[in-house]
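Pasting model37.cif here (mmCIF, C-alpha atoms):
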data_run
loop_
_atom_site.label_atom_id
_atom_site.label_comp_id
_atom_site.auth_asym_id
_atom_site.auth_seq_id
_atom_site.Cartn_x
_atom_site.Cartn_y
_atom_site.Cartn_z
CA MET A 1 4.15 -24.09 21.42
CA ILE A 2 3.56 -20.95 19.37
CA THR A 3 4.30 -20.84 15.63
CA VAL A 4 5.88 -17.61 14.44
CA ARG A 5 5.95 -16.91 10.71
CA ILE A 6 9.10 -15.03 9.77
CA PRO A 7 9.12 -12.48 6.91
CA THR A 8 11.90 -12.51 4.33
CA PRO A 9 14.07 -9.67 5.74
CA LEU A 10 14.29 -11.39 9.15
CA ARG A 11 15.16 -14.88 7.90
CA THR A 12 18.86 -14.06 8.00
CA LEU A 13 18.39 -14.21 11.78
CA THR A 14 16.53 -17.54 11.78
CA GLY A 15 18.92 -19.51 9.61
CA GLY A 16 16.62 -19.06 6.63
CA ASN A 17 13.62 -20.65 8.36
CA GLU A 18 10.19 -19.35 7.32
CA GLN A 19 8.70 -20.20 10.69
CA VAL A 20 9.94 -21.02 14.18
CA GLN A 21 8.32 -22.80 17.12
CA VAL A 22 8.62 -20.93 20.40
CA ALA A 23 7.22 -21.37 23.93
CA GLY A 24 5.58 -18.43 25.68
CA ALA A 25 2.33 -17.34 27.35
CA THR A 26 2.42 -13.77 26.06
CA LEU A 27 3.80 -12.02 22.98
CA ARG A 28 6.55 -10.49 25.13
CA GLU A 29 7.64 -13.94 26.35
CA VAL A 30 7.66 -15.28 22.81
CA ILE A 31 9.86 -12.43 21.60
CA ASP A 32 12.19 -12.84 24.60
CA THR A 33 12.55 -16.55 23.82
CA MET A 34 13.11 -15.84 20.13
CA GLU A 35 15.83 -13.34 21.07
CA LYS A 36 17.69 -16.06 22.99
CA GLN A 37 17.45 -18.45 20.03
CA HIS A 38 17.97 -15.84 17.30
CA PRO A 39 19.93 -12.92 18.76
CA GLY A 40 19.11 -9.57 17.20
CA ILE A 41 15.52 -10.32 16.27
CA ARG A 42 14.01 -8.37 19.17
CA ASP A 43 15.66 -5.16 18.00
CA ARG A 44 14.13 -5.68 14.57
CA LEU A 45 10.64 -5.95 16.05
CA LEU A 46 10.64 -3.60 19.03
CA ASP A 47 11.94 -0.19 19.97
CA ASP A 48 11.76 1.52 23.33
CA LYS A 49 8.07 2.32 22.74
CA GLY A 50 7.00 -1.24 21.88
CA VAL A 51 6.33 -2.79 18.48
CA ARG A 52 8.10 -0.78 15.80
CA ARG A 53 5.77 1.39 13.78
CA PHE A 54 6.60 -0.18 10.43
CA VAL A 55 6.17 -3.72 11.73
CA ASN A 56 2.74 -5.31 12.14
CA ILE A 57 2.39 -8.35 14.39
CA TYR A 58 -0.75 -10.44 14.09
CA VAL A 59 -1.93 -13.04 16.59
CA GLY A 60 -4.13 -15.18 14.40
CA ASP A 61 -6.07 -12.59 12.43
CA GLU A 62 -5.77 -9.77 14.96
CA ASP A 63 -3.25 -6.94 14.94
CA VAL A 64 -1.69 -6.83 18.42
CA ARG A 65 -2.09 -3.04 18.43
CA PHE A 66 -5.78 -3.72 18.88
CA LEU A 67 -5.27 -6.48 21.45
CA ASP A 68 -3.00 -6.05 24.47
CA GLY A 69 0.21 -5.30 22.59
CA LEU A 70 3.19 -7.14 24.04
CA GLU A 71 1.04 -8.43 26.90
CA THR A 72 -1.36 -10.20 24.53
CA LYS A 73 -1.99 -13.69 25.93
CA LEU A 74 -1.31 -16.62 23.63
CA ALA A 75 -2.99 -20.02 23.67
CA ALA A 76 -0.97 -23.09 22.72
CA GLY A 77 -1.03 -23.61 18.97
CA THR A 78 -1.50 -19.92 18.21
CA GLU A 79 0.11 -18.65 15.02
CA ILE A 80 1.87 -15.29 14.99
CA SER A 81 2.56 -13.44 11.74
CA ILE A 82 5.16 -10.68 11.46
CA VAL A 83 4.33 -8.33 8.61
CA PRO A 84 6.71 -5.44 7.93
CA ALA A 85 5.55 -2.39 5.98
CA ILE A 86 5.86 -3.19 2.31
CA ALA A 87 6.43 -1.26 -0.89
CA GLY A 88 6.15 -2.46 -4.43
CA GLY A 89 3.84 -3.76 -7.02
CA MET B 90 -27.15 1.68 -16.56
CA SER B 91 -24.70 2.21 -13.78
CA THR B 92 -21.40 0.40 -14.30
CA PHE B 93 -20.41 0.89 -10.68
CA ARG B 94 -22.20 -0.21 -7.54
CA PRO B 95 -25.70 -0.77 -8.88
CA GLU B 96 -27.02 -0.83 -5.32
CA LEU B 97 -26.56 2.93 -5.11
CA ALA B 98 -29.82 4.82 -5.35
CA THR B 99 -28.42 7.22 -7.92
CA PRO B 100 -26.54 5.76 -10.85
CA ALA B 101 -22.91 6.60 -10.29
CA ASP B 102 -22.04 7.15 -13.95
CA ALA B 103 -22.90 10.83 -13.95
CA VAL B 104 -20.88 11.42 -10.80
CA LEU B 105 -17.86 9.45 -11.94
CA SER B 106 -17.76 11.04 -15.38
CA ALA B 107 -17.20 14.40 -13.70
CA ARG B 108 -14.38 13.11 -11.47
CA SER B 109 -10.62 12.70 -11.91
CA ALA B 110 -8.06 10.21 -10.60
CA LEU B 111 -4.26 10.14 -10.62
CA VAL B 112 -2.53 6.74 -10.56
CA VAL B 113 1.08 7.05 -9.37
CA GLY B 114 3.07 4.15 -10.80
CA ALA B 115 2.05 2.22 -13.94
CA GLY B 116 3.20 -1.13 -12.54
CA GLY B 117 1.50 -4.21 -11.18
CA LEU B 118 -0.90 -2.19 -9.03
CA GLY B 119 -1.33 0.79 -11.33
CA CYS B 120 -2.23 -1.27 -14.42
CA PRO B 121 -5.31 -3.05 -13.05
CA ALA B 122 -6.31 0.00 -11.01
CA ALA B 123 -6.22 2.33 -14.03
CA LEU B 124 -8.11 -0.16 -16.18
CA ALA B 125 -10.85 -0.50 -13.57
CA LEU B 126 -11.16 3.27 -13.19
CA VAL B 127 -11.49 3.77 -16.94
CA GLU B 128 -13.93 0.89 -17.31
CA ALA B 129 -16.02 2.31 -14.44
CA GLY B 130 -16.37 5.58 -16.32
CA VAL B 131 -14.15 8.01 -14.38
CA GLY B 132 -14.04 11.09 -16.59
CA ARG B 133 -10.31 11.79 -16.35
CA VAL B 134 -7.68 9.21 -15.45
CA ALA B 135 -3.97 10.11 -15.42
CA LEU B 136 -1.07 7.67 -15.10
CA MET B 137 2.26 8.84 -13.71
CA ASP B 138 5.51 6.97 -14.48
CA ASP B 139 8.78 7.42 -16.36
CA ASP B 140 9.85 3.80 -16.79
CA GLN B 141 9.99 1.43 -19.74
CA VAL B 142 8.33 -1.97 -20.06
CA GLU B 143 10.61 -4.90 -19.23
CA LEU B 144 10.07 -8.57 -19.94
CA THR B 145 9.99 -9.32 -16.21
CA ASN B 146 7.02 -6.91 -15.79
CA LEU B 147 4.64 -8.79 -18.04
CA HIS B 148 3.35 -11.43 -15.60
CA ARG B 149 1.70 -8.78 -13.45
CA GLN B 150 1.59 -5.49 -15.39
CA THR B 151 -1.51 -6.35 -17.32
CA LEU B 152 -1.69 -3.40 -19.72
CA TYR B 153 1.46 -4.56 -21.54
CA GLY B 154 2.29 -7.37 -23.93
CA ASP B 155 5.41 -8.82 -25.50
CA ALA B 156 5.40 -6.21 -28.26
CA ASP B 157 5.60 -3.42 -25.66
CA VAL B 158 8.94 -4.49 -24.16
CA GLY B 159 11.29 -1.51 -24.39
CA ARG B 160 8.49 1.05 -24.93
CA ASP B 161 7.68 3.76 -22.45
CA LYS B 162 5.10 2.30 -20.07
CA LEU B 163 2.83 5.27 -20.53
CA ASP B 164 2.79 4.93 -24.34
CA ALA B 165 1.77 1.29 -24.01
CA ALA B 166 -0.69 2.02 -21.19
CA LEU B 167 -2.42 4.81 -23.09
CA ASP B 168 -2.77 2.55 -26.13
CA ALA B 169 -4.36 -0.17 -23.98
CA LEU B 170 -6.63 2.17 -22.04
CA GLY B 171 -7.57 4.07 -25.19
CA ARG B 172 -9.07 0.89 -26.57
CA VAL B 173 -11.59 0.67 -23.72
CA ALA B 174 -12.19 4.36 -22.92
CA ARG B 175 -15.37 6.03 -24.07
CA PRO B 176 -15.00 9.03 -26.38
CA ASP B 177 -15.85 11.45 -23.59
CA GLN B 178 -13.22 10.07 -21.19
CA ARG B 179 -9.73 11.54 -20.94
CA VAL B 180 -6.76 9.27 -20.33
CA GLU B 181 -3.57 11.21 -19.68
CA ALA B 182 0.15 10.59 -19.21
CA VAL B 183 2.23 12.37 -16.57
CA ARG B 184 5.76 11.50 -17.68
CA THR B 185 7.76 11.92 -14.52
CA ARG B 186 8.09 10.41 -11.06
CA LEU B 187 6.39 11.85 -8.02
CA LEU B 188 9.14 14.08 -6.63
CA PRO B 189 9.39 16.54 -3.76
CA ASP B 190 9.34 19.51 -6.14
CA ASN B 191 6.25 18.41 -8.09
CA ALA B 192 4.20 16.33 -5.64
CA ARG B 193 1.85 19.00 -4.27
CA SER B 194 1.15 20.68 -7.60
CA VAL B 195 0.44 17.33 -9.27
CA VAL B 196 -1.90 15.84 -6.66
CA ARG B 197 -3.96 18.99 -6.17
CA ASP B 198 -5.24 18.65 -9.73
CA PHE B 199 -7.17 15.41 -8.99
CA ASP B 200 -10.16 14.31 -6.93
CA VAL B 201 -8.41 11.15 -5.72
CA VAL B 202 -4.85 9.81 -5.89
CA LEU B 203 -3.84 6.13 -6.00
CA GLU B 204 -0.24 5.22 -5.29
CA GLY B 205 1.27 1.86 -6.07
CA ALA B 206 4.87 3.02 -5.71
CA ASP B 207 7.67 0.48 -5.41
CA ASN B 208 9.61 2.42 -2.77
CA PHE B 209 8.91 3.87 0.66
CA ALA B 210 10.16 7.37 -0.17
CA THR B 211 7.41 7.82 -2.75
CA LYS B 212 4.79 6.37 -0.41
CA PHE B 213 5.61 8.88 2.32
CA LEU B 214 5.88 11.69 -0.22
CA ALA B 215 2.44 10.87 -1.64
CA ALA B 216 1.01 10.65 1.89
CA ASP B 217 2.42 14.03 2.89
CA ALA B 218 1.47 15.81 -0.33
CA CYS B 219 -2.10 14.51 -0.25
CA VAL B 220 -2.76 15.53 3.36
CA LEU B 221 -1.18 18.96 2.76
CA GLU B 222 -3.36 19.41 -0.36
CA ALA B 223 -6.43 17.78 1.24
CA ARG B 224 -6.68 15.05 -1.37
CA PRO B 225 -7.92 11.50 -0.59
CA LEU B 226 -5.25 8.87 -1.23
CA VAL B 227 -5.43 5.12 -1.77
CA HIS B 228 -2.20 3.29 -0.93
CA GLY B 229 -1.31 -0.09 -2.39
CA ALA B 230 1.72 -2.32 -1.87
CA ALA B 231 2.56 -5.91 -2.75
CA VAL B 232 5.55 -8.15 -2.07
CA ARG B 233 5.76 -11.91 -2.61
CA PHE B 234 2.35 -13.32 -1.59
CA ARG B 235 1.25 -10.39 0.54
CA ALA B 236 -0.37 -7.07 -0.27
CA THR B 237 -1.87 -4.16 1.60
CA VAL B 238 -4.44 -1.61 0.43
CA TRP B 239 -5.64 1.39 2.36
CA SER B 240 -7.86 4.36 1.56
CA VAL B 241 -6.93 7.50 3.50
CA ALA B 242 -9.31 10.45 3.80
CA ALA B 243 -8.28 13.90 2.57
CA GLU B 244 -7.58 15.10 6.08
CA GLY B 245 -5.96 11.85 7.25
CA ARG B 246 -6.99 10.87 10.80
CA PRO B 247 -5.62 8.28 10.31
CA CYS B 248 -2.93 8.67 7.64
CA TYR B 249 0.05 6.61 6.46
CA ARG B 250 2.27 8.24 9.10
CA CYS B 251 -0.19 7.25 11.86
CA LEU B 252 0.64 3.65 10.99
CA PHE B 253 4.23 3.71 9.81
CA GLU B 254 5.56 7.02 11.20
CA ASP B 255 8.61 7.45 8.99
CA LEU B 256 10.75 5.77 6.34
CA PRO B 257 12.11 2.43 7.54
CA GLU B 258 15.79 1.74 7.35
CA PRO B 259 16.44 -0.33 4.21
CA ALA B 260 17.00 -3.50 6.27
CA PHE B 261 13.48 -3.37 7.69
CA GLY B 262 11.13 -2.78 4.78
CA GLU B 263 10.50 -5.21 1.97
CA THR B 264 10.23 -4.10 -1.66
CA CYS B 265 9.11 -6.22 -4.60
CA ALA B 266 12.35 -5.44 -6.45
CA GLU B 267 14.19 -7.40 -3.77
CA ALA B 268 11.65 -10.08 -2.92
CA GLY B 269 9.52 -10.46 -6.07
CA VAL B 270 5.74 -10.50 -6.25
CA MET B 271 3.06 -12.94 -7.36
CA GLY B 272 0.92 -11.66 -10.24
CA PRO B 273 -2.57 -12.58 -9.04
CA VAL B 274 -1.96 -11.04 -5.61
CA VAL B 275 -0.90 -7.71 -7.05
CA GLY B 276 -3.81 -7.83 -9.49
CA LEU B 277 -6.27 -8.34 -6.66
CA ALA B 278 -4.70 -5.48 -4.70
CA GLY B 279 -4.82 -3.16 -7.72
CA ALA B 280 -8.49 -3.94 -8.31
CA LEU B 281 -9.25 -3.29 -4.63
CA MET B 282 -7.40 0.04 -4.87
CA ALA B 283 -9.68 1.03 -7.74
CA ASP B 284 -12.77 -0.09 -5.83
CA LEU B 285 -11.82 2.05 -2.83
CA ALA B 286 -11.01 5.02 -5.08
CA LEU B 287 -14.40 4.68 -6.81
CA SER B 288 -16.05 4.65 -3.39
CA VAL B 289 -14.29 7.92 -2.62
CA LEU B 290 -15.36 9.47 -5.91
CA ALA B 291 -18.95 8.28 -5.45
CA GLY B 292 -19.07 9.92 -2.01
CA THR B 293 -19.22 6.68 -0.01
CA PRO B 294 -15.60 6.22 1.15
CA ARG B 295 -14.40 3.18 3.12
CA HIS B 296 -11.23 3.60 5.12
CA SER B 297 -10.33 0.15 6.44
CA PHE B 298 -6.81 -1.19 6.02
CA PHE B 299 -6.88 -4.40 3.96
CA SER B 300 -4.15 -7.03 4.26
CA ILE B 301 -4.15 -9.74 1.59
CA ASP B 302 -2.41 -13.09 2.16
CA GLY B 303 -2.23 -14.76 -1.24
CA LEU B 304 -0.61 -17.89 0.13
CA ARG B 305 -3.65 -18.75 2.24
CA ASP B 306 -6.24 -16.78 0.25
CA ARG B 307 -7.17 -14.51 3.13
CA VAL B 308 -8.20 -10.87 3.07
CA ARG B 309 -8.03 -9.30 6.51
CA GLU B 310 -9.72 -5.95 7.24
CA VAL B 311 -8.00 -4.11 10.07
CA PRO B 312 -9.39 -0.94 11.63
CA VAL B 313 -6.56 1.58 11.96
CA GLY B 314 -6.73 4.33 14.54
CA ALA B 315 -5.36 7.86 14.28
CA ARG B 316 -2.20 8.45 16.31
CA SER B 317 -2.41 11.52 18.55
CA GLY B 318 1.24 12.41 18.01
CA CYS B 319 1.16 11.94 14.25
CA PRO B 320 3.49 14.51 12.67
CA LEU B 321 1.29 14.77 9.57
CA CYS B 322 -2.33 14.75 10.76
CA GLY B 323 -2.13 14.90 14.58
CA GLU B 324 -3.03 17.86 16.79
CA THR B 325 0.61 18.91 16.99
CA ARG B 326 1.47 18.27 13.36
CA ARG B 327 5.01 19.19 12.38
CA ILE B 328 4.90 18.54 8.63
CA SER B 329 3.67 21.67 6.90
CA ARG B 330 5.70 21.53 3.69
CA ILE B 331 7.54 19.07 1.47
CA ASP B 332 11.25 19.01 2.30
CA ALA B 333 13.29 16.85 -0.09
CA VAL B 334 15.69 15.72 2.62
CA CYS B 335 12.83 13.87 4.33
CA TYR B 336 12.46 11.39 1.47
CA THR B 337 16.02 10.17 0.99
CA ALA B 338 16.41 7.56 3.74
CA SER B 339 15.18 4.80 1.45
CA ALA B 340 15.37 4.51 -2.31
#

Translate this file's structure into C-alpha cells.
Amino acid sequence: MITVRIPTPLRTLTGGNEQVQVAGATLREVIDTMEKQHPGIRDRLLDDKGVRRFVNIYVGDEDVRFLDGLETKLAAGTEISIVPAIAGG
Amino acid sequence: MSTFRPELATPADAVLSARSALVVGAGGLGCPAALALVEAGVGRVALMDDDQVELTNLHRQTLYGDADVGRDKLDAALDALGRVARPDQRVEAVRTRLLPDNARSVVRDFDVVLEGADNFATKFLAADACVLEARPLVHGAAVRFRATVWSVAAEGRPCYRCLFEDLPEPAFGETCAEAGVMGPVVGLAGALMADLALSVLAGTPRHSFFSIDGLRDRVREVPVGARSGCPLCGETRRISRIDAVCYTASA
C-alpha cells in the first residue's frame, strides 16, 4: 500500500483524514484509486496537462516533476506528499 | 571581521554596507529576515507594510512585544531594528502595501527584494515587478508546519511563474490566515530568506527551491527548471507590464 499525506484544503474530500492508504504501482494508478474513494480529488491535483502547476507532489523526497511525472513507479510502503503552493508567514 | 560568511576570501562587510534590501511584509518571515540583514551589515534595509501589531502575531513576529500591540508594525520594527543597527546603517519604513501602481517603482530602488507576503496576489505581483525591473527576489511562504523559500535571479529562468504559472483559485492555495502557522518554522524560513538574500548581495547567489517540513524536521532542496512557455521569463514572454486586473483572482 502507498501512504498519501493530504494537505488541509483537500481534507474536505477525505473525510478530514490527514493521510490515506491506497494501492497502486504508479502515481497515476494511485490518483485513479483515490478518485474512486474520494471523488473530486483528481481534479484538484491534475489538469489536462498533468499535475497542476500550483500543486507539488513528492514521492518520498523527490518532486515527481523530476521523476517520471504521473508514470513514476511506486514501491510498496512509499509515502506521497501533496504540497500546494502556499502563501503566508 | 566579517559578520557574514567568513569563508569568503574577501570580507563581505564592505560589500554589504554598500547594498540595499527591501523586505515586503513585516510579519513572521519579514521580522527575522530584516533582523538578520541588519545584523549582517546591509547598508540600507527597508521594511514595507501597512498593518498594526496584533496579539496573535507575537508568537512568530519576533520584532514585536506585548507593549507593541496596536502600534503600526513599522514603528515597532524600526524601534527594534534601530537598537541593533550600526550608526552608518539606514533602516527605513515604506508605509504601504505592494500594489500594482507602485510595485515597479518601489523594487527598482533596491539591490534585492525579499517577499514574505501572506497572499498569492502579492507574490505574483512581486515576481512580475522584479523580473520586469531586473531585480533578484527571494520568496518565502509558511503555513502550518511547512514553509518554502526560493531565491530567483534578476532575469528569472526560472521564476515564480515557471513553477506556479498563475494565481490559484482560492480553494487550491493555502494561506496562514486560514490554516495558521508554527512560529519556529516561519522563523527558520525567514532566516533562510535572509541567508539567500545575503548570498545575492555578496555576489554568490544560490537558486535552489527549499521546502521545510517542520513536523519531521526536514529541509528538502529541490532544483527547479525554467519553463519554456513561461509568460514572464520564457522565450515568448507575454507579461511586459503590470496590469492590476491580473492580481485580483485571490486576496

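Using all atoms listed in the file for every distance, the candidate list A:Ile41, A:Ile31, A:Leu67, A:Ile86 yields A:Ile86 as the residue closest to chain B.
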
May I ask you to extract the residues of chain A within 12 Å of chain B, using all atoms listed in the file, and to give them as a PDB file with C-alpha atoms, in the frame of the given file?
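out-v4.pdb was written with the following content:
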ATOM      1  CA  PRO A   7       9.120 -12.480   6.910  1.00  0.00           C
ATOM      2  CA  THR A   8      11.900 -12.510   4.330  1.00  0.00           C
ATOM      3  CA  PRO A   9      14.070  -9.670   5.740  1.00  0.00           C
ATOM      4  CA  LEU A  10      14.290 -11.390   9.150  1.00  0.00           C
ATOM      5  CA  ARG A  11      15.160 -14.880   7.900  1.00  0.00           C
ATOM      6  CA  THR A  12      18.860 -14.060   8.000  1.00  0.00           C
ATOM      7  CA  ILE A  41      15.520 -10.320  16.270  1.00  0.00           C
ATOM      8  CA  ASP A  43      15.660  -5.160  18.000  1.00  0.00           C
ATOM      9  CA  ARG A  44      14.130  -5.680  14.570  1.00  0.00           C
ATOM     10  CA  LEU A  45      10.640  -5.950  16.050  1.00  0.00           C
ATOM     11  CA  LEU A  46      10.640  -3.600  19.030  1.00  0.00           C
ATOM     12  CA  VAL A  51       6.330  -2.790  18.480  1.00  0.00           C
ATOM     13  CA  ARG A  52       8.100  -0.780  15.800  1.00  0.00           C
ATOM     14  CA  ARG A  53       5.770   1.390  13.780  1.00  0.00           C
ATOM     15  CA  PHE A  54       6.600  -0.180  10.430  1.00  0.00           C
ATOM     16  CA  VAL A  55       6.170  -3.720  11.730  1.00  0.00           C
ATOM     17  CA  ASN A  56       2.740  -5.310  12.140  1.00  0.00           C
ATOM     18  CA  TYR A  58      -0.750 -10.440  14.090  1.00  0.00           C
ATOM     19  CA  GLY A  60      -4.130 -15.180  14.400  1.00  0.00           C
ATOM     20  CA  ASP A  61      -6.070 -12.590  12.430  1.00  0.00           C
ATOM     21  CA  GLU A  62      -5.770  -9.770  14.960  1.00  0.00           C
ATOM     22  CA  ASP A  63      -3.250  -6.940  14.940  1.00  0.00           C
ATOM     23  CA  VAL A  64      -1.690  -6.830  18.420  1.00  0.00           C
ATOM     24  CA  ARG A  65      -2.090  -3.040  18.430  1.00  0.00           C
ATOM     25  CA  PHE A  66      -5.780  -3.720  18.880  1.00  0.00           C
ATOM     26  CA  LEU A  67      -5.270  -6.480  21.450  1.00  0.00           C
ATOM     27  CA  SER A  81       2.560 -13.440  11.740  1.00  0.00           C
ATOM     28  CA  ILE A  82       5.160 -10.680  11.460  1.00  0.00           C
ATOM     29  CA  VAL A  83       4.330  -8.330   8.610  1.00  0.00           C
ATOM     30  CA  PRO A  84       6.710  -5.440   7.930  1.00  0.00           C
ATOM     31  CA  ALA A  85       5.550  -2.390   5.980  1.00  0.00           C
ATOM     32  CA  ILE A  86       5.860  -3.190   2.310  1.00  0.00           C
ATOM     33  CA  ALA A  87       6.430  -1.260  -0.890  1.00  0.00           C
ATOM     34  CA  GLY A  88       6.150  -2.460  -4.430  1.00  0.00           C
ATOM     35  CA  GLY A  89       3.840  -3.760  -7.020  1.00  0.00           C
TER      36      GLY A  89
END

Take the PyMOL selection byres ((chain B and resi 335) around 10), run it mentally on this structure, and tell me the resulting residues as a list in words.
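Applying the PyMOL selection byres ((chain B and resi 335) around 10) to the structure shown produces Pro189, Ala210, Phe213, Leu214, Asp255, Leu256, Ile331, Asp332, Ala333, Val334, Tyr336, Thr337, Ala338 and Ser339 of chain B.
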
Could you give me, as a PyMOL selection string, the residues that have an atom at most 12 Å away from the point (4.9, -7.3, -27.8) in the coordinates of the file, using all atoms listed in the file?
chain B and resi 142-144+147+152-160+165

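Between atom CA of B:Leu170 and atom CA of B:Ala123 the interatomic distance comes to 8.0 Å.
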
In Å, with one decimal, what is the gap from atom CA of A:Leu27 to atom CA of B:Asp302?
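Atom-to-atom, atom CA of A:Leu27 to atom CA of B:Asp302, that is 21.8 Å.
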
For atom CA of B:Leu304 and atom CA of B:Pro273, determine how far apart the two atoms are, in Å to one decimal place.
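Between these atoms lies a distance of 10.8 Å.
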
Please enumerate the residues selected by the PyMOL selection byres ((chain B and resi 131) around 12) when evaluated against the supplied file, formatted as an NGL selection string.
:B and (92-93 or 101-111 or 122-130 or 132-135 or 174-175 or 177-180 or 199-201 or 283-284 or 286-291)

Would you kindly translate the PyMOL selection byres ((chain B and resi 218) around 8) into the concrete residues it picks from this file, as a count of residues only?
12

Residues near A:Gln19, anyone? I mean within 8 Å using all atoms listed in the file, not counting same-chain ones fewer than 2 positions away, as a PyMOL selection string.
chain A and resi 3-6+17+21

Using only C-alpha atoms for the distances, tell me which of B:Leu285, B:Ala169, B:Cys319, B:Val113 is nearest to B:Leu188.
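Checking each candidate against B:Leu188, we get B:Val113 as the closest.
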